[in-house]
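Content type PDB, C-alpha atoms, pLDDT in the B column, from the file my_file_30.pdb:
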```
ATOM      1  CA  MET A   1     257.687  66.249 -24.852  1.00 49.00           C
ATOM      2  CA  ARG A   2     261.224  65.347 -23.874  1.00 48.00           C
ATOM      3  CA  PHE A   3     262.611  67.775 -26.427  1.00 44.00           C
ATOM      4  CA  ALA A   4     260.459  70.583 -25.006  1.00 46.00           C
ATOM      5  CA  LEU A   5     261.623  69.868 -21.453  1.00 44.00           C
ATOM      6  CA  LEU A   6     265.262  69.804 -22.561  1.00 41.00           C
ATOM      7  CA  LEU A   7     264.868  73.108 -24.402  1.00 41.00           C
ATOM      8  CA  ALA A   8     263.282  74.707 -21.338  1.00 44.00           C
ATOM      9  CA  ALA A   9     266.092  73.468 -19.096  1.00 42.00           C
ATOM     10  CA  LEU A  10     268.740  74.898 -21.422  1.00 41.00           C
ATOM     11  CA  THR A  11     266.897  78.211 -21.551  1.00 43.00           C
ATOM     12  CA  VAL A  12     266.837  78.472 -17.748  1.00 43.00           C
ATOM     13  CA  ALA A  13     270.457  77.395 -17.380  1.00 41.00           C
ATOM     14  CA  ALA A  14     271.859  79.814 -19.981  1.00 42.00           C
ATOM     15  CA  PRO A  15     271.917  82.905 -17.687  1.00 44.00           C
ATOM     16  CA  ALA A  16     273.572  80.832 -14.938  1.00 45.00           C
ATOM     17  CA  PHE A  17     276.318  79.751 -17.354  1.00 44.00           C
ATOM     18  CA  ALA A  18     276.840  83.392 -18.358  1.00 45.00           C
ATOM     19  CA  ASP A  19     277.168  84.414 -14.693  1.00 59.00           C
ATOM     20  CA  ASP A  20     279.655  81.600 -14.110  1.00 59.00           C
ATOM     21  CA  ASP A  21     281.775  82.808 -17.004  1.00 64.00           C
ATOM     22  CA  ALA A  22     281.811  86.331 -15.547  1.00 66.00           C
ATOM     23  CA  LEU A  23     282.754  85.137 -12.053  1.00 67.00           C
ATOM     24  CA  SER A  24     285.254  82.477 -13.103  1.00 72.00           C
ATOM     25  CA  GLY A  25     288.797  83.525 -12.163  1.00 72.00           C
ATOM     26  CA  SER A  26     287.751  86.407  -9.896  1.00 76.00           C
ATOM     27  CA  THR A  27     289.066  86.563  -6.334  1.00 78.00           C
ATOM     28  CA  CYS A  28     286.743  85.600  -3.481  1.00 82.00           C
ATOM     29  CA  GLU A  29     286.480  85.253   0.275  1.00 78.00           C
ATOM     30  CA  THR A  30     283.826  82.516   0.470  1.00 79.00           C
ATOM     31  CA  THR A  31     281.819  80.375  -1.948  1.00 75.00           C
ATOM     32  CA  VAL A  32     278.906  82.828  -1.577  1.00 76.00           C
ATOM     33  CA  ASP A  33     280.917  85.283  -3.718  1.00 75.00           C
ATOM     34  CA  CYS A  34     281.081  82.799  -6.611  1.00 81.00           C
ATOM     35  CA  GLY A  35     277.451  82.061  -7.481  1.00 75.00           C
ATOM     36  CA  SER A  36     277.235  78.412  -8.517  1.00 75.00           C
ATOM     37  CA  LEU A  37     281.027  78.080  -8.609  1.00 78.00           C
ATOM     38  CA  ARG A  38     283.319  77.265  -5.700  1.00 76.00           C
ATOM     39  CA  CYS A  39     285.829  79.502  -3.912  1.00 81.00           C
ATOM     40  CA  VAL A  40     289.055  77.497  -4.168  1.00 77.00           C
ATOM     41  CA  ASP A  41     292.334  79.048  -2.923  1.00 72.00           C
ATOM     42  CA  GLY A  42     290.751  82.504  -3.019  1.00 76.00           C
ATOM     43  CA  VAL A  43     289.619  82.194  -6.680  1.00 77.00           C
ATOM     44  CA  CYS A  44     286.164  81.378  -8.095  1.00 80.00           C
ATOM     45  CA  ARG A  45     286.302  78.284 -10.278  1.00 75.00           C
ATOM     46  CA  ASP A  46     284.453  75.171 -11.294  1.00 73.00           C
ATOM     47  CA  PRO A  47     285.678  72.411  -8.938  1.00 68.00           C
ATOM     48  CA  LEU A  48     285.485  69.961 -11.858  1.00 65.00           C
ATOM     49  CA  GLY A  49     287.352  72.251 -14.243  1.00 62.00           C
ATOM     50  CA  PRO A  50     291.076  72.964 -14.616  1.00 59.00           C
ATOM     51  CA  ALA A  51     292.909  74.682 -11.769  1.00 56.00           C
ATOM     52  CA  PRO A  52     293.162  78.474 -12.127  1.00 55.00           C
ATOM     53  CA  ARG A  53     296.426  80.152 -12.956  1.00 59.00           C
ATOM     54  CA  ARG A  54     298.191  81.232  -9.787  1.00 66.00           C
ATOM     55  CA  MET A  55     300.066  84.467  -9.374  1.00 73.00           C
ATOM     56  CA  THR A  56     303.529  84.299 -10.880  1.00 75.00           C
ATOM     57  CA  VAL A  57     306.611  85.223  -8.876  1.00 73.00           C
ATOM     58  CA  GLY A  58     306.605  88.697 -10.406  1.00 77.00           C
ATOM     59  CA  ASP A  59     302.924  89.181  -9.582  1.00 80.00           C
ATOM     60  CA  ASP A  60     303.497  88.106  -5.973  1.00 78.00           C
ATOM     61  CA  VAL A  61     306.070  90.860  -5.527  1.00 82.00           C
ATOM     62  CA  MET A  62     303.515  93.486  -6.518  1.00 85.00           C
ATOM     63  CA  PHE A  63     300.168  91.976  -5.524  1.00 87.00           C
ATOM     64  CA  GLY A  64     300.741  89.033  -3.162  1.00 84.00           C
ATOM     65  CA  SER A  65     297.602  86.887  -3.059  1.00 82.00           C
ATOM     66  CA  GLY A  66     295.586  89.556  -4.875  1.00 86.00           C
ATOM     67  CA  LYS A  67     293.248  90.119  -1.915  1.00 89.00           C
ATOM     68  CA  GLY A  68     292.559  93.714  -0.923  1.00 92.00           C
ATOM     69  CA  TYR A  69     293.246  95.145   2.535  1.00 94.00           C
ATOM     70  CA  GLY A  70     292.730  98.882   2.051  1.00 94.00           C
ATOM     71  CA  ALA A  71     290.724  99.468   5.246  1.00 95.00           C
ATOM     72  CA  GLU A  72     293.374  97.676   7.310  1.00 95.00           C
ATOM     73  CA  VAL A  73     296.318  99.683   5.989  1.00 96.00           C
ATOM     74  CA  ALA A  74     294.342 102.946   6.296  1.00 96.00           C
ATOM     75  CA  ALA A  75     293.578 102.294   9.984  1.00 96.00           C
ATOM     76  CA  ILE A  76     297.217 101.413  10.682  1.00 96.00           C
ATOM     77  CA  ASP A  77     298.524 104.515   8.871  1.00 95.00           C
ATOM     78  CA  ILE A  78     296.126 106.787  10.767  1.00 95.00           C
ATOM     79  CA  GLY A  79     297.137 105.242  14.086  1.00 94.00           C
ATOM     80  CA  ALA A  80     300.837 105.707  13.344  1.00 93.00           C
ATOM     81  CA  THR A  81     300.225 109.326  12.313  1.00 92.00           C
ATOM     82  CA  LEU A  82     298.417 110.087  15.589  1.00 92.00           C
ATOM     83  CA  VAL A  83     301.338 108.648  17.574  1.00 91.00           C
ATOM     84  CA  GLU A  84     303.760 111.042  15.886  1.00 87.00           C
ATOM     85  CA  PRO A  85     302.873 114.228  17.871  1.00 85.00           C
ATOM     86  CA  LEU A  86     303.110 112.270  21.132  1.00 88.00           C
ATOM     87  CA  LEU A  87     306.652 111.201  20.305  1.00 85.00           C
ATOM     88  CA  MET A  88     307.486 114.791  19.406  1.00 83.00           C
ATOM     89  CA  LEU A  89     306.228 115.973  22.798  1.00 84.00           C
ATOM     90  CA  ALA A  90     308.329 113.287  24.484  1.00 83.00           C
ATOM     91  CA  THR A  91     311.364 114.429  22.503  1.00 79.00           C
ATOM     92  CA  GLN A  92     310.787 118.048  23.489  1.00 76.00           C
ATOM     93  CA  ALA A  93     310.376 117.181  27.181  1.00 78.00           C
ATOM     94  CA  SER A  94     313.416 114.870  27.393  1.00 77.00           C
ATOM     95  CA  ARG A  95     317.115 115.736  27.507  1.00 74.00           C
ATOM     96  CA  ASP A  96     320.465 114.430  26.266  1.00 71.00           C
ATOM     97  CA  GLU A  97     320.397 110.722  25.365  1.00 71.00           C
ATOM     98  CA  GLN A  98     316.661 110.304  25.891  1.00 72.00           C
ATOM     99  CA  GLN A  99     316.015 113.192  23.535  1.00 68.00           C
ATOM    100  CA  THR A 100     318.067 111.456  20.846  1.00 73.00           C
ATOM    101  CA  ILE A 101     316.230 108.170  21.407  1.00 77.00           C
ATOM    102  CA  PHE A 102     312.793 109.805  21.170  1.00 74.00           C
ATOM    103  CA  GLY A 103     313.935 111.829  18.152  1.00 75.00           C
ATOM    104  CA  VAL A 104     314.887 108.664  16.265  1.00 79.00           C
ATOM    105  CA  ALA A 105     311.704 106.924  17.428  1.00 81.00           C
ATOM    106  CA  CYS A 106     309.648 109.655  15.728  1.00 81.00           C
ATOM    107  CA  PHE A 107     310.583 108.171  12.351  1.00 84.00           C
ATOM    108  CA  LEU A 108     309.669 104.564  13.166  1.00 89.00           C
ATOM    109  CA  PRO A 109     305.837 104.320  13.454  1.00 90.00           C
ATOM    110  CA  VAL A 110     304.987 106.155  10.238  1.00 90.00           C
ATOM    111  CA  SER A 111     307.890 104.620   8.310  1.00 91.00           C
ATOM    112  CA  LEU A 112     307.127 101.022   9.280  1.00 93.00           C
ATOM    113  CA  ALA A 113     303.342 100.909   9.756  1.00 94.00           C
ATOM    114  CA  GLY A 114     302.203 100.885   6.143  1.00 94.00           C
ATOM    115  CA  SER A 115     305.237  99.096   4.754  1.00 95.00           C
ATOM    116  CA  ALA A 116     305.002  96.279   7.312  1.00 95.00           C
ATOM    117  CA  THR A 117     301.325  95.830   6.424  1.00 95.00           C
ATOM    118  CA  HIS A 118     302.166  95.472   2.733  1.00 95.00           C
ATOM    119  CA  TRP A 119     304.947  93.002   3.495  1.00 94.00           C
ATOM    120  CA  ALA A 120     302.629  90.962   5.733  1.00 93.00           C
ATOM    121  CA  HIS A 121     300.276  90.567   2.756  1.00 92.00           C
ATOM    122  CA  GLY A 122     303.077  89.532   0.407  1.00 90.00           C
ATOM    123  CA  ARG A 123     303.348  92.825  -1.496  1.00 92.00           C
ATOM    124  CA  VAL A 124     307.066  93.486  -1.413  1.00 92.00           C
ATOM    125  CA  VAL A 125     307.387  96.391  -3.858  1.00 93.00           C
ATOM    126  CA  PRO A 126     304.491  98.413  -2.356  1.00 94.00           C
ATOM    127  CA  GLY A 127     306.106  97.872   1.052  1.00 95.00           C
ATOM    128  CA  ILE A 128     309.404  99.313  -0.158  1.00 95.00           C
ATOM    129  CA  ILE A 129     307.648 102.280  -1.803  1.00 95.00           C
ATOM    130  CA  SER A 130     305.635 102.943   1.363  1.00 96.00           C
ATOM    131  CA  PHE A 131     308.711 102.784   3.605  1.00 95.00           C
ATOM    132  CA  PHE A 132     310.766 105.334   1.666  1.00 95.00           C
ATOM    133  CA  ALA A 133     307.764 107.614   1.036  1.00 95.00           C
ATOM    134  CA  TRP A 134     306.794 107.814   4.720  1.00 94.00           C
ATOM    135  CA  ALA A 135     310.391 108.096   5.961  1.00 92.00           C
ATOM    136  CA  SER A 136     311.052 110.936   3.509  1.00 93.00           C
ATOM    137  CA  HIS A 137     307.849 112.697   4.536  1.00 92.00           C
ATOM    138  CA  ALA A 138     308.715 112.442   8.240  1.00 88.00           C
ATOM    139  CA  GLY A 139     312.138 113.975   7.647  1.00 88.00           C
ATOM    140  CA  THR A 140     310.720 116.712   5.434  1.00 91.00           C
ATOM    141  CA  THR A 141     308.131 117.598   8.080  1.00 89.00           C
ATOM    142  CA  PHE A 142     310.886 118.131  10.652  1.00 85.00           C
ATOM    143  CA  VAL A 143     312.746 120.438   8.247  1.00 88.00           C
ATOM    144  CA  VAL A 144     309.625 122.443   7.311  1.00 89.00           C
ATOM    145  CA  ALA A 145     308.636 122.873  10.959  1.00 85.00           C
ATOM    146  CA  GLY A 146     312.155 124.027  11.855  1.00 83.00           C
ATOM    147  CA  LEU A 147     312.273 126.534   9.037  1.00 86.00           C
ATOM    148  CA  PHE A 148     308.955 128.065  10.076  1.00 83.00           C
ATOM    149  CA  GLY A 149     310.130 128.277  13.683  1.00 83.00           C
ATOM    150  CA  LEU A 150     313.329 130.063  12.677  1.00 82.00           C
ATOM    151  CA  THR A 151     311.670 132.357  10.132  1.00 79.00           C
ATOM    152  CA  LEU A 152     308.837 133.525  12.386  1.00 75.00           C
ATOM    153  CA  GLY A 153     310.997 133.772  15.486  1.00 68.00           C
ATOM    154  CA  HIS A 154     312.180 137.186  16.677  1.00 66.00           C
ATOM    155  CA  GLY A 155     315.934 137.624  16.584  1.00 61.00           C
ATOM    156  CA  PHE A 156     317.577 134.455  17.852  1.00 65.00           C
ATOM    157  CA  ASN A 157     314.399 133.183  19.520  1.00 78.00           C
ATOM    158  CA  PHE A 158     312.885 130.034  18.032  1.00 78.00           C
ATOM    159  CA  ASP A 159     309.099 130.280  17.592  1.00 81.00           C
ATOM    160  CA  LEU A 160     307.980 126.904  18.915  1.00 79.00           C
ATOM    161  CA  GLY A 161     304.296 127.583  18.269  1.00 82.00           C
ATOM    162  CA  ALA A 162     304.911 128.352  14.594  1.00 84.00           C
ATOM    163  CA  ALA A 163     307.022 125.219  14.247  1.00 84.00           C
ATOM    164  CA  TRP A 164     304.284 123.056  15.763  1.00 86.00           C
ATOM    165  CA  ALA A 165     301.587 124.605  13.564  1.00 88.00           C
ATOM    166  CA  ALA A 166     303.613 124.147  10.388  1.00 88.00           C
ATOM    167  CA  GLY A 167     304.571 120.612  11.329  1.00 87.00           C
ATOM    168  CA  LEU A 168     300.996 119.568  12.086  1.00 89.00           C
ATOM    169  CA  VAL A 169     299.577 121.073   8.889  1.00 92.00           C
ATOM    170  CA  PHE A 170     302.319 119.835   6.564  1.00 91.00           C
ATOM    171  CA  GLY A 171     302.525 116.474   8.299  1.00 90.00           C
ATOM    172  CA  GLY A 172     298.765 115.959   8.252  1.00 92.00           C
ATOM    173  CA  LEU A 173     298.386 116.778   4.560  1.00 94.00           C
ATOM    174  CA  GLY A 174     301.293 114.536   3.612  1.00 93.00           C
ATOM    175  CA  ALA A 175     299.996 111.718   5.806  1.00 94.00           C
ATOM    176  CA  ALA A 176     296.592 111.906   4.099  1.00 95.00           C
ATOM    177  CA  ALA A 177     298.214 111.688   0.662  1.00 96.00           C
ATOM    178  CA  LEU A 178     300.463 108.775   1.632  1.00 96.00           C
ATOM    179  CA  THR A 179     297.580 106.937   3.292  1.00 96.00           C
ATOM    180  CA  ALA A 180     295.660 107.234   0.019  1.00 96.00           C
ATOM    181  CA  LEU A 181     298.724 105.844  -1.782  1.00 96.00           C
ATOM    182  CA  ASP A 182     298.906 102.892   0.615  1.00 96.00           C
ATOM    183  CA  VAL A 183     295.199 102.171   0.152  1.00 96.00           C
ATOM    184  CA  TRP A 184     295.641 102.217  -3.633  1.00 96.00           C
ATOM    185  CA  MET A 185     298.599  99.824  -3.435  1.00 95.00           C
ATOM    186  CA  ALA A 186     296.541  97.563  -1.139  1.00 94.00           C
ATOM    187  CA  ARG A 187     293.690  97.262  -3.650  1.00 93.00           C
ATOM    188  CA  LYS A 188     292.153  93.956  -4.680  1.00 90.00           C
ATOM    189  CA  VAL A 189     293.809  92.549  -7.803  1.00 87.00           C
ATOM    190  CA  THR A 190     292.257  89.876 -10.023  1.00 80.00           C
ATOM    191  CA  PRO A 191     294.770  87.352 -11.427  1.00 72.00           C
ATOM    192  CA  ARG A 192     295.311  87.787 -15.141  1.00 65.00           C
ATOM    193  CA  ALA A 193     294.120  85.096 -17.502  1.00 57.00           C
ATOM    194  CA  PRO A 194     296.754  82.871 -19.153  1.00 53.00           C
ATOM    195  CA  THR A 195     298.223  84.423 -22.290  1.00 52.00           C
ATOM    196  CA  LEU A 196     300.053  81.401 -23.697  1.00 50.00           C
ATOM    197  CA  ALA A 197     298.900  80.034 -27.069  1.00 53.00           C
ATOM    198  CA  HIS A 198     298.541  76.277 -27.523  1.00 54.00           C
ATOM    199  CA  ILE A 199     298.630  74.899 -31.079  1.00 65.00           C
ATOM    200  CA  VAL A 200     297.907  71.203 -31.723  1.00 60.00           C
ATOM    201  CA  PRO A 201     298.073  69.522 -35.172  1.00 63.00           C
ATOM    202  CA  SER A 202     295.003  67.548 -36.200  1.00 59.00           C
ATOM    203  CA  PHE A 203     294.604  64.704 -38.704  1.00 56.00           C
ATOM    204  CA  ALA A 204     291.314  63.000 -39.553  1.00 60.00           C
ATOM    205  CA  PRO A 205     290.654  60.314 -42.168  1.00 65.00           C
ATOM    206  CA  THR A 206     287.781  60.946 -44.573  1.00 65.00           C
ATOM    207  CA  ARG A 207     286.084  58.878 -47.230  1.00 62.00           C
ATOM    208  CA  GLY A 208     288.510  58.734 -50.086  1.00 64.00           C
ATOM    209  CA  GLY A 209     291.334  60.580 -48.342  1.00 64.00           C
ATOM    210  CA  ALA A 210     292.282  62.507 -45.193  1.00 63.00           C
ATOM    211  CA  MET A 211     292.043  65.985 -43.772  1.00 66.00           C
ATOM    212  CA  ALA A 212     294.949  67.677 -41.916  1.00 66.00           C
ATOM    213  CA  GLY A 213     295.052  70.954 -40.060  1.00 64.00           C
ATOM    214  CA  VAL A 214     295.888  72.669 -36.798  1.00 60.00           C
ATOM    215  CA  ALA A 215     293.770  73.677 -33.814  1.00 59.00           C
ATOM    216  CA  GLY A 216     294.742  76.088 -31.098  1.00 57.00           C
ATOM    217  CA  THR A 217     293.662  78.191 -28.164  1.00 52.00           C
ATOM    218  CA  PHE A 218     294.746  81.808 -27.681  1.00 49.00           C
TER     219      PHE A 218
END
```

File written out as structure tokens:
Amino acid sequence: MRFALLLAALTVAAPAFADDDALSGSTCETTVDCGSLRCVDGVCRDPLGPAPRRMTVGDDVMFGSGKGYGAEVAAIDIGATLVEPLLMLATQASRDEQQTIFGVACFLPVSLAGSATHWAHGRVVPGIISFFAWASHAGTTFVVAGLFGLTLGHGFNFDLGAAWAAGLVFGGLGAAALTALDVWMARKVTPRAPTLAHIVPSFAPTRGGAMAGVAGTF
């Protein structure tokens, strides 16, 4: 009877053990994400088992804590993009020194929004990539808009409407592409499993002699 009860308990517990193996080491927000495991330091693990491998220094530069924040960086990028035309209008309406100040300010929201979000989450390299990508796109948009205004203008007259249309279209398409890039770089990343091999010699006495060998984990 006891053997039958034990066999039934093992049969019921087997799927739970399989689920634990699948969830072990994955990133989490709360313990609810980990089944019967615990969410410890953002990683699902058995509280009685060994501590999970943390991100190395190199991983931190690329992935920070490993937690995703795609919706956050997308909202911030979209907000910075919508501010851009307002700064352009302020630049156009101002004169002399104020025009220079507003002109420089046009580069700041889009250049710093996504990159600052990556840096705040510990992703240094994505922040650097985002900064240079957005700053380059902002400068290129100004050039493209200017070229359209000069090309479609009559004689020496600058076609402001053509410049605005070209700037909005080119700027919007580029902003959509760079927002997608920021979201991809802000994705959730699961810490890699340890790759080190551990080899331990073993020696066991037997009747009439001994048995030697090695045991290891890979």

Problem - Distance of atom CA of Cys106 of chain A from atom CA of Ala165 of chain A, expressed in Å to one decimal place - result: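 We find that atom CA of Ala165 of chain A and atom CA of Cys106 of chain A lie 17.1 Å from each other.
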
Problem - Residue contacts of Ala138 of chain A (10 Å, all atoms listed in the file) excluding same-chain residues fewer than 2 positions away, as JSON, numbers by chain - result: {"A": [81, 84, 106, 107, 108, 110, 111, 132, 133, 134, 135, 136, 140, 141, 142, 143, 167, 170, 171, 174, 175]}

Selected residues written out, C-alpha atoms, as a short mmCIF file (atom, residue, chain, number, x, y, z; two decimals), in the coordinates of the input:
```cif
data_model
loop_
_atom_site.label_atom_id
_atom_site.label_comp_id
_atom_site.auth_asym_id
_atom_site.auth_seq_id
_atom_site.Cartn_x
_atom_site.Cartn_y
_atom_site.Cartn_z
CA THR A 81 300.23 109.33 12.31
CA GLU A 84 303.76 111.04 15.89
CA CYS A 106 309.65 109.66 15.73
CA PHE A 107 310.58 108.17 12.35
CA LEU A 108 309.67 104.56 13.17
CA VAL A 110 304.99 106.16 10.24
CA SER A 111 307.89 104.62 8.31
CA PHE A 132 310.77 105.33 1.67
CA ALA A 133 307.76 107.61 1.04
CA TRP A 134 306.79 107.81 4.72
CA ALA A 135 310.39 108.10 5.96
CA SER A 136 311.05 110.94 3.51
CA THR A 140 310.72 116.71 5.43
CA THR A 141 308.13 117.60 8.08
CA PHE A 142 310.89 118.13 10.65
CA VAL A 143 312.75 120.44 8.25
CA GLY A 167 304.57 120.61 11.33
CA PHE A 170 302.32 119.84 6.56
CA GLY A 171 302.52 116.47 8.30
CA GLY A 174 301.29 114.54 3.61
CA ALA A 175 300.00 111.72 5.81
#
```

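Take atom CA of Leu178 of chain A and atom CA of Gly68 of chain A: the distance between them is 17.2 Å.
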
Exercise for the section: Enumerate, as a PyMOL selection string, the residues matched when the PyMOL selection byres ((chain A and resi 117) around 12) is run on the file above. Expected result: chain A and resi 64+68-77+109-116+118-128+130-131+182-183+185-186

Practice task
Evaluate the PyMOL selection byres ((chain A and resi 149) around 6) and record the selected residues as a PyMOL selection string, following the chain and residue labels used in the document.
Solution key: chain A and resi 146-148+150-153+158-160+162-163

Exercise for the section: Report the distance between atom CA of Thr100 of chain A and atom CA of Thr179 of chain A in Å, rounded to one decimal place. Expected result: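 One can read the atom CA of Thr100 of chain A to atom CA of Thr179 of chain A distance as 27.4 Å.
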